[in-house]
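Text of entry_1.cif, listed as mmCIF, C-alpha atoms and all ligand atoms:
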```
data_protein
#
loop_
_atom_site.label_atom_id
_atom_site.label_comp_id
_atom_site.auth_asym_id
_atom_site.auth_seq_id
_atom_site.Cartn_x
_atom_site.Cartn_y
_atom_site.Cartn_z
CA MET A 1175 0.00 0.00 0.00
CA CYS A 1176 2.92 2.22 0.76
CA LEU A 1177 4.71 3.46 -2.32
CA ALA A 1178 8.12 4.10 -0.89
CA VAL A 1179 9.48 6.10 -3.82
CA PRO A 1180 9.52 9.88 -4.20
CA MET A 1181 7.58 11.30 -7.15
CA GLN A 1182 8.01 14.72 -8.70
CA ILE A 1183 5.24 17.30 -9.02
CA LEU A 1184 4.66 18.33 -12.66
CA SER A 1185 1.63 20.59 -12.29
CA ILE A 1186 -0.86 21.72 -9.66
CA ASP A 1187 -4.57 22.36 -10.02
CA GLY A 1188 -6.22 23.42 -6.78
CA GLU A 1189 -6.03 20.62 -4.22
CA THR A 1190 -4.68 18.05 -6.67
CA GLY A 1191 -1.66 17.78 -8.90
CA VAL A 1192 0.01 15.58 -11.47
CA VAL A 1193 3.11 13.75 -10.21
CA GLU A 1194 5.55 11.62 -12.14
CA ILE A 1195 8.16 8.92 -11.73
CA SER A 1196 9.99 7.33 -14.69
CA GLY A 1197 7.29 8.44 -17.09
CA VAL A 1198 4.41 7.13 -14.96
CA LYS A 1199 1.99 9.93 -14.15
CA ARG A 1200 -0.61 10.04 -11.41
CA ASN A 1201 -3.14 12.50 -10.15
CA VAL A 1202 -2.77 12.91 -6.40
CA GLY A 1203 -4.27 14.95 -3.56
CA LEU A 1204 -1.93 17.69 -2.35
CA GLN A 1205 -3.96 19.16 0.52
CA MET A 1206 -1.64 17.78 3.20
CA ILE A 1207 1.48 19.41 1.75
CA LYS A 1208 2.56 22.86 2.75
CA ASP A 1209 3.23 25.10 -0.22
CA PRO A 1210 3.63 22.46 -2.95
CA ARG A 1211 5.42 23.60 -6.13
CA PRO A 1212 6.11 21.99 -9.48
CA GLY A 1213 9.53 20.37 -9.31
CA ASP A 1214 9.13 19.33 -5.65
CA TYR A 1215 9.62 15.67 -4.77
CA ILE A 1216 6.87 14.19 -2.62
CA ILE A 1217 6.00 10.89 -0.96
CA VAL A 1218 2.69 9.50 -2.20
CA HIS A 1219 0.54 7.13 -0.20
CA ALA A 1220 -2.86 5.84 -1.30
CA GLY A 1221 -3.37 8.68 -3.77
CA PHE A 1222 -2.24 11.54 -1.55
CA ALA A 1223 1.05 13.32 -1.00
CA ILE A 1224 1.85 12.77 2.67
CA GLN A 1225 5.15 14.61 2.91
CA LYS A 1226 7.57 16.66 0.88
CA LEU A 1227 11.06 15.29 0.36
CA ASP A 1228 13.66 17.60 1.87
CA GLU A 1229 16.31 17.75 -0.87
CA GLU A 1230 18.97 19.23 1.39
CA GLU A 1231 18.61 16.36 3.87
CA ALA A 1232 18.57 13.85 1.01
CA LEU A 1233 21.81 15.24 -0.41
CA GLU A 1234 23.45 15.11 3.02
CA THR A 1235 22.61 11.43 3.44
CA ILE A 1236 23.76 10.73 -0.12
CA ALA A 1237 27.06 12.51 0.55
CA LEU A 1238 27.60 10.31 3.60
CA PHE A 1239 27.01 7.14 1.56
CA ARG A 1240 29.31 8.43 -1.20
CA GLU A 1241 32.01 8.94 1.38
CA MET A 1242 31.53 5.34 2.56
CA GLU A 1243 31.90 4.11 -1.01
CA GLY A 1244 35.24 5.88 -1.18
CA LEU A 1245 36.34 4.15 2.01
CA GLY A 1246 34.91 0.75 1.12
CA MET B 1385 15.89 7.27 -10.59
CA LYS B 1386 16.65 10.35 -8.57
CA TYR B 1387 16.61 9.96 -4.79
CA ILE B 1388 16.29 6.18 -5.12
CA ASP B 1389 19.38 4.75 -6.80
CA GLU B 1390 21.65 6.73 -4.50
CA PHE B 1391 20.36 4.65 -1.59
CA ARG B 1392 21.18 1.29 -3.15
CA SER B 1393 24.96 1.24 -3.49
CA GLY B 1394 26.57 -2.13 -2.88
CA LYS B 1395 29.88 -0.63 -1.76
CA ALA B 1396 28.34 1.58 0.91
CA ALA B 1397 26.30 -1.43 2.03
CA GLY B 1398 29.57 -3.27 2.64
CA ARG B 1399 30.78 -0.43 4.84
CA LEU B 1400 27.54 -0.34 6.80
CA LYS B 1401 27.69 -4.10 7.27
CA GLU B 1402 31.11 -3.65 8.89
CA GLU B 1403 29.84 -0.76 11.00
CA ILE B 1404 26.96 -2.87 12.30
CA ALA B 1405 29.27 -5.73 13.22
CA ALA B 1406 31.71 -3.35 14.93
CA ALA B 1407 28.94 -1.65 16.92
CA ALA B 1408 27.40 -4.92 18.04
CA ALA B 1409 30.81 -6.42 18.90
CA GLY B 1410 29.34 -9.89 19.16
CA ARG B 1411 26.56 -8.90 21.55
CA PRO B 1412 23.24 -10.55 20.78
CA MET B 1413 20.57 -8.05 19.79
CA THR B 1414 16.99 -8.38 18.60
CA PHE B 1415 15.40 -5.67 16.50
CA MET B 1416 11.82 -5.56 15.25
CA GLU B 1417 10.54 -3.81 12.15
CA VAL B 1418 6.98 -2.55 12.41
CA CYS B 1419 6.20 -1.70 8.83
CA GLY B 1420 5.23 -4.03 5.99
CA THR B 1421 7.23 -2.02 3.48
CA HIS B 1422 10.31 -2.53 5.66
CA THR B 1423 9.53 -6.26 5.84
CA MET B 1424 9.49 -6.46 2.04
CA SER B 1425 12.63 -4.39 1.57
CA ILE B 1426 14.53 -6.41 4.19
CA ALA B 1427 13.62 -9.64 2.39
CA ARG B 1428 14.28 -8.25 -1.07
CA ASN B 1429 17.70 -6.86 -0.18
CA GLY B 1430 18.74 -9.90 1.81
CA ILE B 1431 19.43 -7.66 4.83
CA ARG B 1432 19.11 -10.51 7.36
CA GLU B 1433 21.97 -12.33 5.68
CA MET B 1434 24.22 -9.30 6.15
CA LEU B 1435 23.84 -9.12 9.92
CA PRO B 1436 26.47 -10.42 12.33
CA ALA B 1437 25.89 -13.64 14.25
CA GLY B 1438 23.64 -13.06 17.23
CA MET B 1439 21.75 -10.17 15.68
CA ARG B 1440 18.13 -10.96 14.92
CA LEU B 1441 15.69 -8.95 12.87
CA ILE B 1442 12.07 -9.94 13.41
CA SER B 1443 8.86 -8.71 11.82
CA GLY B 1444 6.11 -7.16 13.90
CA PRO B 1445 2.51 -6.12 13.31
CA GLY B 1446 3.37 -3.79 10.45
CA CYS B 1447 1.05 -4.97 7.73
CA PRO B 1448 -2.36 -3.29 8.06
CA VAL B 1449 -4.23 -6.02 6.20
CA CYS B 1450 -2.59 -8.69 8.38
CA VAL B 1451 -3.56 -7.12 11.70
CA THR B 1452 -7.16 -6.65 10.59
CA PRO B 1453 -9.09 -9.32 12.50
CA ASN B 1454 -11.47 -11.78 10.89
CA GLY B 1455 -14.42 -9.93 12.43
CA THR B 1456 -13.72 -6.90 10.26
CA ILE B 1457 -13.47 -8.99 7.08
CA ASP B 1458 -16.76 -10.66 8.05
CA HIS B 1459 -18.34 -7.25 8.57
CA ALA B 1460 -17.17 -6.18 5.09
CA VAL B 1461 -18.58 -9.42 3.65
CA ALA B 1462 -21.95 -8.76 5.34
CA LEU B 1463 -21.99 -5.26 3.85
CA ALA B 1464 -21.15 -6.65 0.39
CA ARG B 1465 -24.24 -8.89 0.68
CA HIS B 1466 -26.45 -5.94 1.57
CA PRO B 1467 -28.51 -4.89 -1.48
CA GLY B 1468 -27.56 -1.61 -3.11
CA ILE B 1469 -24.01 -1.48 -1.79
CA ILE B 1470 -20.80 -1.25 -3.80
CA ILE B 1471 -17.75 -2.16 -1.73
CA ALA B 1472 -14.61 -0.22 -2.60
CA THR B 1473 -11.30 -1.29 -1.11
CA PHE B 1474 -7.57 -1.72 -1.64
CA GLY B 1475 -6.52 -4.80 -3.62
CA ASP B 1476 -5.07 -6.87 -0.80
CA MET B 1477 -8.31 -6.81 1.17
CA VAL B 1478 -10.19 -8.69 -1.55
CA LYS B 1479 -8.17 -11.87 -1.12
CA VAL B 1480 -8.05 -11.98 2.70
CA PRO B 1481 -10.10 -14.91 3.94
CA GLY B 1482 -12.68 -14.11 6.62
CA SER B 1483 -14.44 -16.73 8.74
CA THR B 1484 -16.30 -18.38 5.88
CA SER B 1485 -15.95 -16.06 2.89
CA SER B 1486 -13.85 -13.22 1.48
CA LEU B 1487 -14.63 -10.11 -0.52
CA GLY B 1488 -13.19 -11.94 -3.55
CA GLN B 1489 -15.61 -14.84 -3.08
CA GLU B 1490 -18.47 -12.38 -2.70
CA ARG B 1491 -17.45 -10.73 -5.95
CA ALA B 1492 -17.33 -14.11 -7.68
CA ALA B 1493 -20.86 -14.69 -6.36
CA GLY B 1494 -22.01 -11.55 -8.15
CA ARG B 1495 -21.72 -8.90 -5.45
CA SER B 1496 -20.27 -5.54 -6.25
CA VAL B 1497 -16.70 -5.31 -4.97
CA ARG B 1498 -14.32 -2.85 -6.60
CA VAL B 1499 -10.60 -2.46 -6.10
CA VAL B 1500 -9.50 1.16 -5.92
CA ALA B 1501 -6.06 2.72 -5.61
CA SER B 1502 -7.25 5.53 -3.38
CA THR B 1503 -10.28 7.19 -1.84
CA LEU B 1504 -10.20 9.60 -4.79
CA ASP B 1505 -11.33 6.66 -6.96
CA ALA B 1506 -13.92 5.60 -4.38
CA LEU B 1507 -15.45 9.09 -4.39
CA GLU B 1508 -15.56 9.00 -8.18
CA LEU B 1509 -17.38 5.68 -7.97
CA ALA B 1510 -19.95 7.29 -5.68
CA ARG B 1511 -20.41 10.27 -8.01
CA ASN B 1512 -20.88 7.95 -11.00
CA ASN B 1513 -23.34 5.62 -9.24
CA PRO B 1514 -25.82 7.90 -7.47
CA GLU B 1515 -28.40 5.11 -7.14
CA MET B 1516 -25.93 2.91 -5.23
CA GLN B 1517 -24.23 3.27 -1.84
CA VAL B 1518 -20.44 3.15 -1.99
CA VAL B 1519 -18.82 1.77 1.17
CA PHE B 1520 -15.06 2.11 1.43
CA ILE B 1521 -13.33 -0.47 3.63
CA GLY B 1522 -10.82 1.71 5.41
CA VAL B 1523 -7.83 -0.33 6.47
CA GLY B 1524 -4.47 1.14 7.29
CA PHE B 1525 -2.31 3.02 9.75
CA GLU B 1526 -1.61 6.72 10.26
CA THR B 1527 -0.39 7.02 6.68
CA THR B 1528 -3.75 5.96 5.26
CA ALA B 1529 -6.14 7.42 7.85
CA PRO B 1530 -5.61 11.07 6.76
CA THR B 1531 -6.40 10.11 3.15
CA ILE B 1532 -9.67 8.53 4.31
CA ALA B 1533 -10.42 11.58 6.45
CA ALA B 1534 -9.83 13.80 3.39
CA SER B 1535 -12.39 11.77 1.43
CA ILE B 1536 -15.02 12.17 4.14
CA ILE B 1537 -14.47 15.91 4.19
CA THR B 1538 -14.78 16.02 0.38
CA ALA B 1539 -18.01 14.00 0.57
CA GLU B 1540 -19.36 16.48 3.10
CA GLN B 1541 -18.38 19.47 0.95
CA GLU B 1542 -19.97 17.94 -2.14
CA ASN B 1543 -23.06 16.75 -0.28
CA LEU B 1544 -22.30 13.27 -1.51
CA ASN B 1545 -24.78 11.16 0.42
CA ASN B 1546 -23.94 7.77 -1.01
CA TYR B 1547 -20.40 7.49 0.34
CA SER B 1548 -19.40 5.99 3.68
CA VAL B 1549 -16.47 4.23 5.32
CA LEU B 1550 -16.15 1.10 7.42
CA SER B 1551 -13.30 2.30 9.60
CA ALA B 1552 -10.86 -0.41 10.59
CA HIS B 1553 -7.94 1.98 10.96
CA LYS B 1554 -5.29 1.35 13.51
CA VAL B 1555 -2.54 3.45 15.04
CA VAL B 1556 0.89 1.95 15.54
CA PRO B 1557 2.48 3.27 18.78
CA PRO B 1558 0.01 1.60 21.22
CA ALA B 1559 0.73 -1.80 19.62
CA MET B 1560 4.48 -1.19 19.92
CA GLU B 1561 4.09 -0.28 23.58
CA LEU B 1562 2.20 -3.50 24.18
CA LEU B 1563 4.96 -5.50 22.49
CA CYS B 1564 7.48 -3.88 24.85
CA ARG B 1565 5.81 -5.90 27.58
CA GLY B 1566 5.35 -9.00 25.43
CA ARG B 1567 6.98 -12.40 25.25
CA VAL B 1568 9.77 -11.43 22.90
CA ALA B 1569 12.60 -9.35 24.32
CA ILE B 1570 13.15 -6.51 21.87
CA ASP B 1571 16.26 -4.32 22.05
CA GLY B 1572 15.25 -1.89 19.37
CA PHE B 1573 12.49 -0.92 16.98
CA LEU B 1574 12.97 0.00 13.34
CA CYS B 1575 10.07 2.47 13.38
CA PRO B 1576 7.84 2.84 10.31
CA GLY B 1577 9.07 5.55 7.94
CA HIS B 1578 5.84 6.77 6.43
CA VAL B 1579 3.68 6.44 9.52
CA SER B 1580 6.33 8.65 11.13
CA ALA B 1581 6.22 11.08 8.20
CA VAL B 1582 2.70 11.79 9.47
CA ILE B 1583 2.99 11.44 13.27
CA GLY B 1584 6.61 12.55 13.74
CA SER B 1585 9.02 11.16 16.32
CA SER B 1586 7.46 12.11 19.65
CA PRO B 1587 4.87 9.27 19.88
CA TYR B 1588 7.78 6.80 20.24
CA ARG B 1589 9.35 8.61 23.17
CA PRO B 1590 7.61 6.58 25.90
CA ILE B 1591 8.94 3.42 24.22
CA ALA B 1592 12.50 4.70 24.33
CA GLU B 1593 12.34 6.57 27.61
CA GLU B 1594 10.06 4.41 29.75
CA HIS B 1595 10.65 0.98 28.26
CA GLY B 1596 14.32 1.59 27.46
CA ILE B 1597 14.02 0.32 23.89
CA ALA B 1598 16.06 1.97 21.13
CA CYS B 1599 14.00 3.51 18.33
CA VAL B 1600 15.19 4.52 14.85
CA ILE B 1601 12.82 5.80 12.18
CA GLY B 1602 14.20 4.39 8.95
CA GLY B 1603 13.75 4.82 5.23
CA PHE B 1604 13.00 1.99 2.82
CA GLU B 1605 16.01 1.49 0.56
CA GLY B 1606 18.72 -1.03 1.42
CA LEU B 1607 21.19 1.57 2.69
CA ASP B 1608 18.51 3.30 4.76
CA ILE B 1609 17.74 0.06 6.56
CA LEU B 1610 21.39 -0.86 7.10
CA GLN B 1611 22.16 2.61 8.43
CA SER B 1612 19.14 2.40 10.75
CA ILE B 1613 20.34 -0.96 12.09
CA ALA B 1614 23.80 0.51 12.68
CA MET B 1615 22.18 3.35 14.64
CA LEU B 1616 20.13 0.87 16.68
CA ALA B 1617 23.20 -1.27 17.39
CA ARG B 1618 25.17 1.77 18.54
CA GLN B 1619 22.37 2.80 20.90
CA VAL B 1620 22.06 -0.66 22.41
CA ALA B 1621 25.82 -1.13 22.75
CA GLY B 1622 26.10 2.27 24.41
CA GLY B 1623 23.27 1.48 26.84
CA ASP B 1624 21.23 4.24 25.28
CA SER B 1625 17.59 4.37 24.22
CA ARG B 1626 16.43 7.35 22.22
CA VAL B 1627 14.29 8.11 19.21
CA GLU B 1628 16.53 8.86 16.24
CA ILE B 1629 15.56 9.64 12.68
CA GLN B 1630 17.59 8.05 9.90
CA TYR B 1631 14.99 8.90 7.23
CA ARG B 1632 15.58 12.63 7.62
CA ARG B 1633 14.78 13.44 4.01
CA VAL B 1634 11.13 12.61 4.66
CA VAL B 1635 10.49 12.50 8.42
CA ARG B 1636 10.49 15.71 10.46
CA PRO B 1637 10.33 15.49 14.26
CA GLU B 1638 6.91 17.19 14.20
CA GLY B 1639 5.57 14.95 11.42
CA ASN B 1640 2.99 16.41 9.08
CA PRO B 1641 0.68 18.62 11.16
CA ALA B 1642 -1.79 19.10 8.29
CA ALA B 1643 -2.25 15.34 7.93
CA VAL B 1644 -2.60 14.87 11.69
CA ALA B 1645 -5.17 17.69 11.83
CA LEU B 1646 -7.24 16.01 9.09
CA MET B 1647 -7.13 12.69 10.93
CA GLU B 1648 -8.06 14.27 14.26
CA LYS B 1649 -10.88 16.27 12.74
CA VAL B 1650 -12.67 13.18 11.48
CA PHE B 1651 -11.55 10.37 13.80
CA ARG B 1652 -11.24 9.73 17.50
CA PRO B 1653 -9.28 6.92 19.19
CA VAL B 1654 -11.09 3.76 20.24
CA ASP B 1655 -10.01 0.41 21.67
CA SER B 1656 -9.41 -1.99 18.83
CA VAL B 1657 -8.76 -5.68 18.23
CA TRP B 1658 -5.55 -6.66 16.42
CA ARG B 1659 -5.27 -10.10 14.90
CA GLY B 1660 -3.20 -12.35 17.09
CA ILE B 1661 -2.66 -9.67 19.70
CA GLY B 1662 -6.17 -8.89 20.91
CA MET B 1663 -7.71 -5.69 22.19
CA ILE B 1664 -5.33 -2.75 22.48
CA THR B 1665 -6.44 0.41 24.28
CA ALA B 1666 -6.90 3.46 22.04
CA SER B 1667 -5.31 1.75 19.05
CA GLY B 1668 -8.14 2.16 16.55
CA LEU B 1669 -9.92 5.08 14.91
CA VAL B 1670 -13.66 5.66 14.58
CA MET B 1671 -15.53 8.61 13.19
CA ARG B 1672 -16.37 11.46 15.52
CA ASP B 1673 -20.06 12.14 16.13
CA ALA B 1674 -20.08 15.00 13.62
CA TYR B 1675 -19.18 12.50 10.89
CA ARG B 1676 -21.27 9.54 12.01
CA ARG B 1677 -23.38 9.67 8.88
CA TYR B 1678 -20.27 8.62 6.98
CA ASP B 1679 -19.76 5.61 9.24
CA ALA B 1680 -20.93 2.52 7.34
CA ALA B 1681 -21.15 0.54 10.58
CA VAL B 1682 -23.80 2.97 11.86
CA ARG B 1683 -25.50 3.56 8.54
CA PHE B 1684 -26.06 -0.05 7.53
CA PRO B 1685 -26.82 -2.28 10.50
CA VAL B 1686 -26.00 -5.76 9.21
CA THR B 1687 -25.73 -9.08 10.96
CA VAL B 1688 -22.16 -10.27 11.01
CA GLU B 1689 -21.49 -14.00 11.17
CA GLU B 1690 -19.73 -15.59 14.11
CA THR B 1691 -15.97 -15.27 13.85
CA LYS B 1692 -13.90 -18.37 13.16
CA GLU B 1693 -10.13 -18.50 12.81
CA ALA B 1694 -8.41 -20.49 10.07
CA ALA B 1695 -7.22 -23.81 11.49
CA GLY B 1696 -3.45 -24.18 11.61
CA CYS B 1697 -2.61 -20.55 10.79
CA ILE B 1698 -0.11 -19.07 13.22
CA CYS B 1699 -0.33 -15.56 11.78
CA GLY B 1700 -1.10 -14.14 15.22
CA SER B 1701 2.17 -15.39 16.57
CA VAL B 1702 4.04 -14.25 13.44
CA LEU B 1703 2.64 -10.74 13.93
CA GLN B 1704 4.06 -10.57 17.43
CA GLY B 1705 7.50 -11.71 16.34
CA ILE B 1706 7.11 -14.94 18.34
CA SER B 1707 7.20 -17.24 15.32
CA ASP B 1708 9.00 -17.07 12.01
CA PRO B 1709 6.73 -17.74 9.01
CA ARG B 1710 8.87 -20.78 8.13
CA GLU B 1711 7.85 -22.36 11.43
CA CYS B 1712 4.25 -22.57 10.24
CA PRO B 1713 3.45 -26.11 9.06
CA LEU B 1714 1.28 -24.67 6.29
CA PHE B 1715 3.98 -22.32 4.96
CA GLY B 1716 4.50 -23.05 1.27
CA ASP B 1717 2.52 -26.24 1.68
CA GLY B 1718 -1.19 -25.52 1.75
CA CYS B 1719 -0.64 -21.82 2.28
CA LEU B 1720 0.67 -20.07 -0.83
CA PRO B 1721 0.26 -16.53 -2.16
CA GLU B 1722 -2.34 -17.82 -4.68
CA THR B 1723 -4.20 -19.88 -2.09
CA PRO B 1724 -3.56 -18.06 1.19
CA VAL B 1725 -4.82 -19.53 4.44
CA GLY B 1726 -4.05 -16.45 6.49
CA PRO B 1727 -3.65 -12.73 5.83
CA CYS B 1728 0.14 -12.78 6.38
CA MET B 1729 0.41 -14.69 3.10
CA VAL B 1730 -2.14 -12.53 1.25
CA SER B 1731 -0.80 -9.07 1.64
CA SER B 1732 2.28 -8.23 -0.37
CA GLU B 1733 3.53 -6.65 2.86
CA GLY B 1734 2.87 -9.70 5.01
CA ALA B 1735 5.76 -11.49 6.70
CA CYS B 1736 4.73 -14.87 5.25
CA ALA B 1737 4.41 -13.46 1.72
CA ALA B 1738 7.81 -11.74 2.03
CA ALA B 1739 9.47 -14.92 3.35
CA PHE B 1740 7.87 -16.98 0.58
CA ARG B 1741 8.59 -14.64 -2.30
CA TYR B 1742 12.26 -14.25 -1.48
CA ARG B 1743 12.95 -17.76 -0.19
CA VAL B 1744 14.81 -18.96 -3.26
CA SER B 1745 16.44 -15.73 -4.22
CA ARG B 1746 17.77 -15.11 -0.72
CA ARG B 1747 21.00 -13.32 -1.32
CA ALA B 1748 24.07 -14.46 0.47
CA ASP B 1749 25.99 -11.30 -0.07
CA ILE B 1750 25.68 -7.59 -0.37
CA GLY B 1751 27.40 -7.64 -3.74
CA GLN B 1752 23.97 -8.19 -5.20
CA MET B 1753 22.59 -4.94 -3.93
CA HIS B 1754 23.17 -3.16 -7.20
CA ASP B 1755 25.60 -0.30 -7.53
CA ALA B 1756 24.23 3.18 -8.05
S1 LIG A 1801 2.08 -19.42 6.29
FE1 LIG A 1801 -0.12 -19.08 5.93
S2 LIG A 1801 -1.14 -20.31 7.46
FE2 LIG A 1801 0.99 -20.09 8.13
S3 LIG A 1801 1.01 -18.27 9.45
FE3 LIG A 1801 1.48 -17.56 7.40
S4 LIG A 1801 -0.51 -16.96 6.58
FE4 LIG A 1801 -0.95 -18.26 8.35
#
```

Translate this file's structure into structure tokens.
Ligand code: SF4
Amino acid sequence: MCLAVPMQILSIDGETGVVEISGVKRNVGLQMIKDPRPGDYIIVHAGFAIQKLDEEEALETIALFREMEGLG
Amino acid sequence: MKYIDEFRSGKAAGRLKEEIAAAAAGRPMTFMEVCGTHTMSIARNGIREMLPAGMRLISGPGCPVCVTPNGTIDHAVALARHPGIIIATFGDMVKVPGSTSSLGQERAAGRSVRVVASTLDALELARNNPEMQVVFIGVGFETTAPTIAASIITAEQENLNNYSVLSAHKVVPPAMELLCRGRVAIDGFLCPGHVSAVIGSSPYRPIAEEHGIACVIGGFEGLDILQSIAMLARQVAGGDSRVEIQYRRVVRPEGNPAAVALMEKVFRPVDSVWRGIGMITASGLVMRDAYRRYDAAVRFPVTVEETKEAAGCICGSVLQGISDPRECPLFGDGCLPETPVGPCMVSSEGACAAAFRYRVSRRADIGQMHDA
């Protein structure tokens, strides 16, 4: 039930918006997201965006894993 | 894919594997994951095979369909038999056997049962079938409950009088607290990532602070889970028990206040029965009085058959982390994903389904976690 992958917002129309991942598009409810904007990555669950992905935090975690790869 | 592949590197997994072993330093530790999506990812990535000797990772009651008791399935079946009703529900619910029938069997017998991907589709079904009553079977945790609440508010705004919900929603922290006092000694919880995206980190504090059990809210990719386990191992080894967030790109300490507000507007807590565990105080959600007209249980009084449990199924004990699915005599022999005996084999997130699906392809090494 839980789609664990982040999708990107393409367009917004009122309380809903079109999101996309690898060419797959879906119409989802955006009313639980603060200030959604096209280009934002969001987590979708059962047809609704439940949280925005924080890109800064994501990049920090990725940097840590990259560093580990260098050490590994 | 952006923000996915970066969390699947085999090399970094190797490092994390070493970090986990170093942190544990041979000490036995038992961790429980409480989210079906974690259960699947752990099986798919062969995470268990990467852990040092003495470290156990067990599955808990993290699959919403699995913890839904037979009585709820029977209630849904009774509603499906009621004239004029269209049942709308998520796919997994259709196959779950109840006491004597299932929604799938009812559909085969000619009743109207529709699989929907979200409540948005269920509302559309109601708009398109004004002469019928659409009843949504609401199953799920704090991630799903706000989406159901949103649909009830939309129905109210649109004056849609043929939409209602059978609310079988459950909230996770009370079940975790009960497990803290259960038969299995748990050193740490891998807390559910998306439930926590909604509720934040504070609901787990009593578990860490009063019960002394380490808590880490983890993401769903292989590296997320390994990093979370390393964090848990470090807490346990250091005699610490706190709530930490590994999945920081999605989970904020305060959660998602808008989603919580939606849920609290429509629902109130109620004692609720979990399969295999029993009644847990304030672990379910029912509609507040202001929304009672959207409560299918109130709106359509139906007679529900007497509950019977499937003979031989040890799902209840699997859900509490007491038994491994492979210990069930029916596992893979009588109980298969196509012919499930219990819900833990039905749901794609169930521990039995995960153990079955990945039994052959169990990976011996991290090398197989593909490189980003
Ligand atoms: S294998 Fe089937 S019968 Fe056994 S516990 Fe799992 S769901 Fe129940």

Selection: 10 Å around stretch 1181-1190 of chain A, all atoms listed in the file, excl. self and same-chain fewer than 3 positions, as a ChimeraX atom specification:
/A:1177-1178,1193-1196,1198-1207,1210-1218,1221-1223,1226-1227 /B:1385-1387

Please report as a ChimeraX atom specification which residues of chain A come no farther than 6 Å from chain B, using only C-alpha atoms.
/A:1206,1220-1221,1227-1228,1231-1232,1239,1242-1243,1246

To one decimal place in Å, what is the distance between atom CA of B:Glu1638 and atom CA of B:Ala1592?
17.0 Å

Neighbour list for B:Gly1572 as a VMD selection string, cut-off 6 Å, only C-alpha atoms, skip fewer than 2 positions in-chain
chain B and resid 1415 1570 1597 to 1599

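Picture a line from atom CA of B:Arg1589 to atom CA of B:Leu1563; it runs 14.8 Å.
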
Name all residues at most 10 Å from stretch 1694-1700 of chain B (count only C-alpha atoms; drop same-chain ones fewer than 6 positions away) and give them as a ChimeraX atom specification.
/B:1445,1450-1451,1453-1454,1481-1484,1658-1662,1706-1709,1711-1715,1719,1724-1729,1734-1736

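Atom CA of B:Val1730 sits 6.1 Å away from atom CA of B:Val1480.
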
Residues within 9 Å of stretch 1492-1496 of chain B, please, as a PyMOL selection string. Count only C-alpha atoms; anything in the same chain fewer than 4 positions from it doesn't count.
chain B and resi 1464-1472+1487-1488

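Ranking B:Ile1629, B:Lys1479, B:Met1516, B:Ala1539 by their shortest atom-to-atom distance to ligand LIG 1801 (chain A), with all atoms listed in the file included, puts B:Lys1479 first.
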
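Shell of B:Val1418 at 8 Å, with only C-alpha atoms counted and residues fewer than 6 places along the chain excluded, is B:Ser1443, B:Gly1444, B:Pro1445, B:Gly1446, B:Cys1447, B:Phe1573, B:Leu1574, B:Cys1575, B:Pro1576.
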